[in-house]
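Step one of this worksheet: look at the structure below.
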Amino acid sequence: MGEGTEDPGPVKVGSIDHVALAVPDLDSAISFFLENFSAEVSEAVTLAEQSVRIAFVRLANADIELMEPLSRDSPVGRFLDRNPEGGLHHICLATDDASSAHAASAARGLRPLNIPTPGYHGRPLFFLHPKSTLGTLVEIEESEQETEDA
Ligand code: CO
């Protein structure tokens with residue numbers, strides 16, 4: 001096997017950062033949470049490169065990410081084709097070090113879909129193919145660091 005045979009161990013994760021719901025209409029979804037639950041909801045933001053408009057429902061221990069596709073020919077758009085009323089799209093687990101988590105994921109056959117890339121929060125994140133994670137898309141996002149050493 002040569003170099004690289006050292007087992008990196010399990011993928012190190014801490015808390016749930018957020019769960020994400022795909023929704024057909026973001027403004028309706030925001031209104032739904034504001035009217036029915038005592039939660040704050042962030043402003044809607046467009047992420048053109050991911051072809052989504054998103055907002056975050058802020059809860060005490062984690063957020064709910066609401067995602068509306070900007071086009072039907074996008075990952076979230078295709079998800080809504082299969083689930084027209086929307087539904088659970090992914091869960092996001094926080095890690096201290098996205099690069100290490102990515103390497104450990106790949107070493108364990110968890111099929112990372114991308115290399116760690118800065119997301120909405122500016123912190124590196126990647127996704128794991130749901131076929132390798134019990135049927136649910138998993139996002140791994142680096143948690144906020146206490147100190148900046150760059
Ligand atoms: Co997410």
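Residues are referred to by chain and number: the chain letter is A, B, ... according to the order shown in the structure tokens, the number counts from 1 in that chain, and ligands are numbered separately from 1 in the order shown.
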For this session: List all protein, DNA and RNA residues that have at least one atom no more than 12 Å from any atom of ligand 1, counting only C-alpha atoms and all ligand atoms, and write them as a ChimeraX atom specification.
Result: /A:16-22,47,50,52-56,62-67,76,88-94,118-121,123-128,137-142
For this session: Among the residues of chain A, find those DSSP assigns to helix (DSSP H, G or I) from the backbone and print them as a ChimeraX atom specification.
Result: /A:26-36,48-50,75-82,98-107,130-132
Problem set entry | Best match for closeness to A:Gly86 among A:Gln145, A:Arg58, A:Pro116, A:Pro69, counting only C-alpha atoms |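 Nearest candidate to A:Gly86 out of A:Gln145, A:Arg58, A:Pro116, A:Pro69: A:Pro69.
Note that the spacing between atom CA of A:Gly14 and atom CA of A:Gly87 amounts to 24.3 Å.
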Exercise. Please, which residues of chain A, numbered as in this document, come out strand (DSSP E) from DSSP, as a ChimeraX atom specification?
Worked result: /A:16-22,40-41,45-47,52-58,63-69,87-95,117-118,124-128,137-142
Seminar exercise, completed: Separating atom CA of A:Ala106 from atom CA of A:Arg78, to the nearest tenth of an Å, is a gap of 25.6 Å
Exercise. What is the distance, in Å and to one decimal place, between atom CA of A:Ala44 and atom CA of A:Val23?
Worked result: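 Between these atoms lies a distance of 13.0 Å.
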